[in-house]
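What's in data-v4.tsv: TSV, C-alpha atoms
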chain	number	residue	atom	x	y	z
A	155	MET	CA	83.76	-14.57	33.70
A	156	LYS	CA	80.59	-15.62	35.53
A	157	LYS	CA	78.40	-12.98	37.12
A	158	PHE	CA	77.66	-13.70	40.78
A	159	PHE	CA	74.93	-12.75	43.17
A	160	TYR	CA	75.63	-10.06	45.75
A	161	LEU	CA	77.37	-11.71	48.68
A	162	ALA	CA	75.85	-11.05	52.12
A	163	PHE	CA	78.61	-10.01	54.51
A	164	VAL	CA	79.25	-12.00	57.68
A	165	LEU	CA	81.47	-10.18	60.18
A	166	MET	CA	83.59	-12.18	62.63
A	167	PHE	CA	82.90	-9.77	65.47
A	168	ALA	CA	85.06	-11.15	68.26
A	169	MET	CA	88.25	-11.26	66.20
A	170	LEU	CA	87.69	-7.96	64.46
A	171	VAL	CA	86.64	-5.72	67.33
A	172	VAL	CA	89.31	-7.01	69.69
A	173	SER	CA	91.90	-6.41	66.97
A	174	CYS	CA	90.83	-2.78	66.67
A	175	GLY	CA	92.15	-1.86	70.11
A	176	ASP	CA	91.51	1.78	70.98
A	177	ASN	CA	91.55	3.19	67.46
A	178	ASN	CA	89.88	6.60	67.36
A	179	ASP	CA	90.14	7.36	63.63
A	180	PRO	CA	87.22	9.44	62.24
A	181	ALA	CA	84.86	7.57	59.89
A	182	PRO	CA	85.38	9.40	56.53
A	183	THR	CA	88.83	10.82	55.82
A	184	ASP	CA	90.29	12.55	52.79
A	185	ASP	CA	93.63	10.77	52.90
A	186	ASP	CA	94.81	7.23	52.29
A	187	THR	CA	97.09	6.36	55.20
A	188	PRO	CA	100.21	4.63	53.84
A	189	VAL	CA	101.28	1.29	55.29
A	190	THR	CA	104.82	-0.03	55.17
A	191	GLU	CA	105.01	-3.51	53.62
A	192	THR	CA	106.60	-6.35	55.56
A	193	GLU	CA	107.65	-9.81	54.45
A	194	THR	CA	104.85	-12.39	54.50
A	195	PRO	CA	105.95	-16.05	54.71
A	196	ILE	CA	104.89	-18.41	51.92
A	197	VAL	CA	103.15	-21.55	53.13
A	198	ASP	CA	103.73	-24.17	50.43
A	199	ASP	CA	106.85	-25.46	48.66
A	200	ALA	CA	105.94	-24.77	45.03
A	201	GLU	CA	109.06	-23.78	43.08
A	202	VAL	CA	109.54	-20.82	40.78
A	203	PRO	CA	110.93	-21.76	37.33
A	204	ASP	CA	114.68	-21.12	37.09
A	205	ASP	CA	114.28	-18.51	34.37
A	206	ALA	CA	111.26	-16.74	35.91
A	207	VAL	CA	111.28	-13.82	38.32
A	208	ALA	CA	109.35	-14.41	41.55
A	209	CYS	CA	105.99	-12.67	41.54
A	210	THR	CA	105.59	-9.41	43.44
A	211	LEU	CA	102.68	-7.00	43.89
A	212	GLU	CA	103.71	-3.72	42.27
A	213	ASP	CA	101.88	-0.41	42.82
A	214	SER	CA	102.21	0.33	39.10
A	215	PHE	CA	99.28	-2.04	38.53
A	216	LEU	CA	96.97	0.07	40.72
A	217	GLU	CA	98.26	3.28	39.15
A	218	ALA	CA	96.88	2.08	35.79
A	219	MET	CA	93.30	2.55	37.05
A	220	PRO	CA	91.42	5.10	34.87
A	221	ALA	CA	91.90	8.58	36.32
A	222	GLU	CA	88.37	9.67	35.38
A	223	TRP	CA	86.69	7.24	37.81
A	224	GLU	CA	85.07	9.30	40.58
A	225	ALA	CA	84.11	6.30	42.74
A	226	TYR	CA	86.44	3.32	42.99
A	227	PHE	CA	87.97	0.55	45.12
A	228	THR	CA	91.59	-0.58	45.29
A	229	MET	CA	93.06	-3.57	47.11
A	230	LYS	CA	96.56	-4.99	47.59
A	231	MET	CA	96.71	-7.83	50.11
A	232	THR	CA	98.83	-10.85	51.05
A	233	GLY	CA	97.78	-13.42	53.62
A	234	ALA	CA	96.97	-16.96	54.66
A	235	ILE	CA	93.65	-18.47	53.55
A	236	ASN	CA	91.55	-19.21	56.65
A	237	ASP	CA	88.98	-21.85	57.47
A	238	PRO	CA	85.54	-20.17	57.85
A	239	ALA	CA	84.98	-22.28	61.00
A	240	ALA	CA	88.22	-21.18	62.64
A	241	THR	CA	87.88	-19.63	66.09
A	242	GLU	CA	91.08	-17.63	65.56
A	243	VAL	CA	91.55	-16.09	62.15
A	244	GLU	CA	95.03	-15.30	60.86
A	245	ALA	CA	95.19	-11.72	59.65
A	246	ALA	CA	96.42	-10.82	56.19
A	247	PHE	CA	98.86	-8.05	55.42
A	248	LEU	CA	96.90	-5.19	53.89
A	249	ALA	CA	99.20	-2.91	51.93
A	250	LYS	CA	96.18	-1.07	50.54
A	251	MET	CA	92.39	-1.31	50.62
A	252	THR	CA	90.70	1.96	49.78
A	253	GLY	CA	87.19	3.00	48.84
A	254	VAL	CA	86.41	6.40	47.31
A	255	LEU	CA	82.67	7.07	47.53
A	256	LEU	CA	80.73	10.31	47.03
A	257	GLY	CA	83.99	12.24	47.08
A	258	LYS	CA	85.23	10.80	50.40
A	259	THR	CA	88.20	8.45	50.87
A	260	TYR	CA	87.75	5.49	53.22
A	261	ASN	CA	90.91	3.72	54.33
A	262	LEU	CA	89.66	0.15	54.68
A	263	ALA	CA	93.13	-1.14	55.51
A	264	ASN	CA	93.92	0.68	58.75
A	265	ASN	CA	92.66	-2.03	61.12
A	266	ILE	CA	92.61	-5.61	59.89
A	267	GLY	CA	92.27	-7.74	56.77
A	268	TYR	CA	91.86	-11.45	56.16
A	269	TYR	CA	91.14	-14.13	53.54
A	270	ILE	CA	88.58	-16.91	54.13
A	271	LEU	CA	87.84	-19.92	51.92
A	272	ASP	CA	84.07	-20.09	51.48
A	273	ALA	CA	81.47	-20.61	48.73
A	274	LEU	CA	79.51	-18.28	46.46
A	275	THR	CA	76.25	-18.81	44.60
A	276	THR	CA	76.19	-18.10	40.86
A	277	THR	CA	73.19	-16.62	39.10
A	278	ASP	CA	72.17	-20.15	38.08
A	279	GLY	CA	72.27	-21.42	41.68
A	280	GLN	CA	75.63	-23.21	41.53
A	281	GLU	CA	77.80	-23.20	44.68
A	282	VAL	CA	81.47	-22.54	43.87
A	283	PRO	CA	84.50	-22.34	46.20
A	284	ALA	CA	85.97	-18.85	46.49
A	285	VAL	CA	88.47	-16.99	48.63
A	286	ILE	CA	86.80	-13.98	50.28
A	287	GLY	CA	89.02	-10.98	50.98
A	288	VAL	CA	87.92	-8.50	53.66
A	289	GLY	CA	89.48	-5.29	54.94
A	290	MET	CA	88.17	-3.26	57.88
A	291	GLY	CA	89.00	0.36	58.61
A	292	ASN	CA	87.59	3.74	59.59
A	293	VAL	CA	86.34	2.58	63.00
A	294	THR	CA	84.64	5.25	65.11
A	295	TRP	CA	84.37	4.43	68.80
A	296	PRO	CA	81.34	6.12	70.40
A	297	VAL	CA	81.50	8.43	73.38
A	298	SER	CA	79.07	6.56	75.61
A	299	GLY	CA	79.53	2.95	74.51
A	300	LYS	CA	76.31	2.78	72.49
A	301	LEU	CA	77.43	1.87	68.97
A	302	VAL	CA	80.65	1.28	67.06
A	303	ASP	CA	80.73	2.51	63.47
A	304	VAL	CA	82.79	0.30	61.10
A	305	TRP	CA	83.55	0.57	57.37
A	306	VAL	CA	84.38	-2.69	55.55
A	307	GLY	CA	85.47	-3.59	52.02
A	308	GLN	CA	84.88	-7.07	50.60
A	309	THR	CA	85.93	-8.80	47.39
A	310	PHE	CA	86.60	-12.41	46.33
A	311	PHE	CA	88.44	-14.75	43.96
A	312	VAL	CA	86.90	-17.94	42.51
A	313	VAL	CA	89.19	-20.94	43.12
A	314	SER	CA	88.53	-22.60	39.73
A	315	ASP	CA	89.59	-19.40	37.99
A	316	LEU	CA	92.74	-19.17	40.12
A	317	LEU	CA	93.64	-22.72	39.06
A	318	ASN	CA	92.99	-21.94	35.39
A	319	TRP	CA	95.11	-18.80	35.59
A	320	LYS	CA	97.97	-20.79	37.13
A	321	THR	CA	97.83	-23.33	34.28
A	322	ALA	CA	97.81	-20.57	31.67
A	323	ALA	CA	100.70	-18.79	33.41
A	324	ALA	CA	102.78	-21.98	33.51
A	325	GLU	CA	102.43	-22.37	29.73
A	326	GLU	CA	103.96	-18.90	29.28
A	327	ASN	CA	106.47	-19.23	32.14
A	328	LEU	CA	104.78	-16.43	34.10
A	329	THR	CA	104.54	-16.11	37.87
A	330	GLY	CA	101.62	-13.68	37.99
A	331	VAL	CA	98.45	-13.13	35.97
A	332	GLU	CA	96.67	-9.88	35.10
A	333	VAL	CA	92.95	-10.19	34.28
A	334	GLU	CA	90.71	-7.60	32.68
A	335	GLY	CA	87.49	-7.25	34.69
A	336	THR	CA	86.94	-8.06	38.34
A	337	TYR	CA	84.55	-9.82	40.66
A	338	GLN	CA	82.00	-7.95	42.70
A	339	VAL	CA	83.21	-5.60	45.41
A	340	VAL	CA	80.93	-4.41	48.20
A	341	ILE	CA	81.68	-1.63	50.70
A	342	PHE	CA	79.63	-1.73	53.91
A	343	GLN	CA	79.04	0.60	56.80
A	344	LEU	CA	78.21	-1.41	59.92
A	345	TRP	CA	77.08	-0.61	63.45
A	346	LEU	CA	77.88	-2.86	66.40
A	347	GLU	CA	76.44	-2.46	69.88
A	348	ILE	CA	78.84	-3.47	72.65
A	349	VAL	CA	77.39	-4.31	76.06
A	350	GLY	CA	80.05	-5.53	78.48
A	351	GLN	CA	81.70	-8.50	76.79
A	352	GLU	CA	78.80	-9.01	74.36
A	353	GLN	CA	78.59	-7.62	70.84
A	354	PHE	CA	75.39	-7.20	68.85
A	355	TYR	CA	75.21	-6.68	65.09
A	356	ARG	CA	72.61	-3.88	64.76
A	357	MET	CA	72.82	-2.28	61.32
A	358	GLN	CA	74.34	-2.88	57.89
A	359	CYS	CA	74.31	-0.38	55.03
A	360	VAL	CA	75.65	-1.00	51.53
A	361	ARG	CA	77.61	2.13	50.60
A	362	GLY	CA	79.17	0.99	47.33
A	363	VAL	CA	79.00	-1.87	44.79
A	364	SER	CA	80.95	-2.69	41.64
A	365	ALA	CA	79.85	-1.19	38.33
A	366	MET	CA	79.36	-3.48	35.33
A	367	ASN	CA	81.45	-2.80	32.22
A	368	ALA	CA	79.85	-1.59	29.00
A	369	ASP	CA	79.58	-5.14	27.62
A	370	GLU	CA	78.03	-6.41	30.88
A	371	THR	CA	80.47	-9.32	30.90
A	372	ALA	CA	82.26	-8.47	34.17
A	373	TYR	CA	82.58	-5.74	36.76
A	374	ASP	CA	84.62	-2.81	35.48
A	375	GLY	CA	88.22	-3.04	36.67
A	376	ALA	CA	91.16	-5.44	36.70
A	377	MET	CA	92.84	-8.06	38.90
A	378	PHE	CA	96.40	-9.25	39.37
A	379	VAL	CA	97.17	-12.54	41.15
A	380	CYS	CA	100.50	-14.17	41.97
A	381	VAL	CA	100.35	-17.88	41.11
A	382	ASP	CA	103.93	-19.11	41.54
A	383	LYS	CA	103.67	-20.18	45.19
A	384	ASN	CA	100.22	-21.78	45.14
A	385	VAL	CA	99.07	-25.36	44.57
A	386	GLU	CA	95.27	-25.18	44.88
A	387	TRP	CA	94.49	-22.12	47.03
A	388	ALA	CA	93.44	-24.34	49.92
A	389	ILE	CA	93.19	-23.41	53.60
A	390	GLY	CA	96.68	-22.57	54.85
A	391	GLU	CA	98.06	-21.41	51.50
A	392	THR	CA	98.85	-17.75	50.91
A	393	LEU	CA	96.95	-15.57	48.45
A	394	ARG	CA	98.74	-12.55	46.99
A	395	ALA	CA	96.45	-10.34	44.93
A	396	MET	CA	95.53	-6.84	43.81
A	397	ASN	CA	92.49	-5.39	42.13
A	398	TYR	CA	90.79	-2.13	41.31
A	399	SER	CA	87.12	-1.68	40.51
A	400	LYS	CA	84.82	1.11	39.40
A	401	MET	CA	82.11	1.63	42.03
A	402	ILE	CA	78.48	2.73	42.20
A	403	ASP	CA	77.94	4.96	45.26
A	404	ALA	CA	74.50	6.64	45.07
A	405	ASP	CA	71.79	4.86	47.11
A	406	GLU	CA	69.27	4.66	44.26
A	407	ASP	CA	71.92	3.30	41.87
A	408	ILE	CA	73.12	0.75	44.44
A	409	LEU	CA	69.55	-0.53	44.85
A	410	ALA	CA	69.06	-0.70	41.08
A	411	ALA	CA	72.25	-2.75	40.71
A	412	LEU	CA	71.44	-5.16	43.54
A	413	ASN	CA	67.81	-5.58	42.44
A	414	GLU	CA	68.62	-6.17	38.76
A	415	GLY	CA	66.59	-9.13	37.49
A	416	LEU	CA	64.46	-9.28	40.67
A	417	THR	CA	60.84	-8.35	41.33
A	418	GLU	CA	59.43	-6.83	44.51
A	419	THR	CA	58.12	-10.23	45.56
A	420	ASP	CA	61.58	-11.87	45.46
A	421	GLU	CA	63.20	-12.71	48.78
A	422	ASN	CA	66.44	-10.88	47.92
A	423	TYR	CA	64.73	-7.69	46.69
A	424	MET	CA	65.98	-4.65	48.63
A	425	THR	CA	63.98	-1.47	49.30
A	426	ASP	CA	66.70	0.29	51.30
A	427	VAL	CA	70.48	0.12	51.32
A	428	CYS	CA	70.32	-0.32	55.12
A	429	THR	CA	69.11	-3.32	57.15
A	430	CYS	CA	68.66	-3.25	60.94
A	431	TYR	CA	68.67	-6.09	63.47
A	432	SER	CA	67.37	-6.65	66.99
A	433	LYS	CA	69.44	-8.21	69.77
A	434	GLU	CA	67.19	-11.27	69.67
A	435	GLU	CA	68.12	-14.23	67.48
A	436	ASP	CA	66.06	-16.74	65.54
A	437	GLU	CA	66.22	-20.52	66.02
A	438	GLU	CA	69.36	-20.70	63.86
A	439	GLY	CA	71.18	-18.06	65.90
A	440	ASN	CA	70.84	-15.24	63.36
A	441	PRO	CA	69.82	-11.69	64.35
A	442	ILE	CA	66.17	-10.86	63.64
A	443	ILE	CA	65.55	-8.03	61.13
A	444	MET	CA	63.74	-5.01	62.55
A	445	ASN	CA	62.53	-1.62	61.35
A	446	CYS	CA	65.40	0.88	61.17
A	447	GLU	CA	63.28	3.74	62.52
A	448	ASP	CA	62.48	1.60	65.57
A	449	MET	CA	66.18	0.99	66.02
A	450	LYS	CA	66.89	4.74	65.92
A	451	ASP	CA	64.21	5.25	68.57
A	452	GLU	CA	65.85	2.53	70.68
A	453	PHE	CA	69.01	4.65	70.84
A	454	GLY	CA	67.17	7.93	71.33
A	455	LYS	CA	67.95	9.19	67.85
A	456	GLY	CA	64.51	9.78	66.35
A	457	GLU	CA	64.52	12.37	63.56
A	458	LEU	CA	67.98	13.80	62.97
A	459	PRO	CA	68.15	17.63	63.09
A	460	ASP	CA	68.11	19.77	59.95
A	461	GLY	CA	70.62	22.42	58.98
A	462	ASP	CA	73.59	23.23	61.17
A	463	GLU	CA	72.00	22.29	64.49
A	464	THR	CA	74.23	19.86	66.42
A	465	PRO	CA	72.70	17.16	68.66
A	466	ASP	CA	73.79	17.28	72.30
A	467	ASP	CA	75.56	13.92	72.15
A	468	VAL	CA	77.92	14.75	69.29
A	469	VAL	CA	81.56	15.64	69.81
A	470	THR	CA	82.51	18.14	67.10
A	471	ASP	CA	86.30	17.75	67.09
A	472	ASP	CA	86.18	15.32	64.11
A	473	VAL	CA	87.66	12.57	66.27
A	474	VAL	CA	84.64	10.64	67.48
A	475	THR	CA	80.88	11.05	67.29
A	476	ASP	CA	77.95	9.32	68.92
A	477	ASP	CA	75.42	10.38	66.28
A	478	LEU	CA	76.08	7.44	63.98
A	479	LEU	CA	72.74	6.50	62.49
A	480	PRO	CA	72.00	7.77	58.98
A	481	ASP	CA	68.70	9.43	58.11
A	482	ASN	CA	67.63	6.69	55.69
For this file, produce the structure as structure tokens.
Amino acid sequence: MKKFFYLAFVLMFAMLVVSCGDNNDPAPTDDDTPVTETETPIVDDAEVPDDAVACTLEDSFLEAMPAEWEAYFTMKMTGAINDPAATEVEAAFLAKMTGVLLGKTYNLANNIGYYILDALTTTDGQEVPAVIGVGMGNVTWPVSGKLVDVWVGQTFFVVSDLLNWKTAAAEENLTGVEVEGTYQVVIFQLWLEIVGQEQFYRMQCVRGVSAMNADETAYDGAMFVCVDKNVEWAIGETLRAMNYSKMIDADEDILAALNEGLTETDENYMTDVCTCYSKEEDEEGNPIIMNCEDMKDEFGKGELPDGDETPDDVVTDDVVTDDLLPDN
């Protein structure tokens, strides 16, 4: 399995925030809210062999994850593969997308999920088609309309590998394929500023990344993909998949993993897990990176208090808080 560069997350703000409605869930929770599965229509007409059982996503696969992992990611999702240029994105059915980081459970499936066909860059610079899977949950709506706090999980599946797995499965009359090792997973914490009908992407922090296995051949975990109803995993087809992955969740370890093989002079070298953006855009329409301390000052945050002192603008009922910026 090829090792890929870290994938920079691109949030489709209009679709996602509108879909959230008036959700007031607190950011970190210690429970994984269950979701009842519904039937998802299959898009293509590929037939299941007469003597094969149609592929289903069974929770027993996720239950096989090593119990000793303290930080991990799980995903179980079914949905249509979207065009990245689509103005309206069809949501996937998220039966489960969970991140456990630093002892806290983040339900990344309680708002919206989707698949998008896009491209990834390998470590040797090759562009390869891949289906990106995203789940968004743990949205905290601020008291005064300053910032929205969003937690997001992201993983992907390389199309050429999906095709190879389908060929191998057909030779053994299988409808689903289990693979040892997984692709990179990233868990983000994002802040959006909403002003009237406009939304501004202000801050992105990487809160978890996949851990490499001992042999450094793949990220530690496993994947299961249904292949019986797919032709080529093109836009409009349905992807049905599960995976679990061991995660790295300490800031210094995240930076070490993302900076592996880079020097401080490299463009992709990171000195902080968080990146902040101004409302202004460059000539290509992308937000301009700014100093995170300056962004805190912009929202009147400054230095966060020490000890048990509570800022005046924080609601302490564990439902919603306006003190969203971290002290890093």
Closest pair table for segment 317-388 of chain A residues within 12 Å of segment 282-298 of chain A, all atoms listed in the file, as CSV:
residue,atom,partner,partner_atom,distance
A:Leu317,CA,A:Ala284,CA,11.4
A:Tyr337,CA,A:Ile286,CA,10.7
A:Gln338,CA,A:Ile286,CA,10.8
A:Val339,CA,A:Gly287,CA,9.7
A:Val340,CA,A:Val288,CA,9.8
A:Ile341,CA,A:Gly289,CA,9.6
A:Phe342,CA,A:Met290,CA,9.5
A:Gln343,CA,A:Asn292,CA,9.5
A:Leu344,CA,A:Val293,CA,9.6
A:Trp345,CA,A:Thr294,CA,9.7
A:Leu346,CA,A:Trp295,CA,10.1
A:Glu347,CA,A:Pro296,CA,9.9
A:Ile348,CA,A:Pro296,CA,10.2
A:Val349,CA,A:Ser298,CA,11.0
A:Glu386,CA,A:Pro283,CA,11.2
A:Trp387,CA,A:Val285,CA,8.1
A:Ala388,CA,A:Val285,CA,9.0
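If you look at atom CA of Lys400 of chain A and atom CA of Gly279 of chain A, they are 25.9 Å away from each other.
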>> One number please: atom CA of Asn367 of chain A to atom CA of Ala221 of chain A, in Å, one decimal.
In response: 16.0 Å
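For the pair atom CA of Glu370 of chain A and atom CA of Gly335 of chain A, the separation is 10.2 Å.
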> Residues at most 9 Å from Asn422 of chain A, counting only C-alpha atoms, excluding those fewer than 6 positions away in the same chain, as a PyMOL selection string?
Replying inline: chain A and resi 412-413+416
> With distances taken over only C-alpha atoms, which of A:Val427, A:Ala245, A:Val313, A:Ala273 is nearest to Leu409 of chain A?
Replying inline: A:Val427
>> Neighbouring residues of segment 372-379 of chain A were defined as those with any atom within 9 Å, considering all atoms listed in the file; residues of the same chain fewer than 2 positions away were excluded. Please report them as number ranges by chain.
In response: A: 155-157, 209, 211, 215-216, 219-220, 316, 319, 329-339, 364-370, 381, 393-401
Could you give me, as CSV, a per-residue list for segment 215-275 of chain A showing, wherever an atom lies at most 12 Å from an atom of segment 404-408 of chain A, the closest pair of atoms and their distance in Å to one decimal, using only C-alpha atoms and sorting by chain then residue number from low to high?
residue,atom,partner,partner_atom,distance
A:Glu224,CA,A:Ala404,CA,11.8
A:Ala225,CA,A:Ala404,CA,9.9
A:Leu255,CA,A:Ala404,CA,8.5
A:Leu256,CA,A:Ala404,CA,7.5
A:Gly257,CA,A:Ala404,CA,11.2
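Each of A:Thr228, A:Gln280, A:Ser214, A:Thr309 was checked against Asn261 of chain A using only C-alpha atoms; the smallest atom-to-atom distance is that of A:Thr228.
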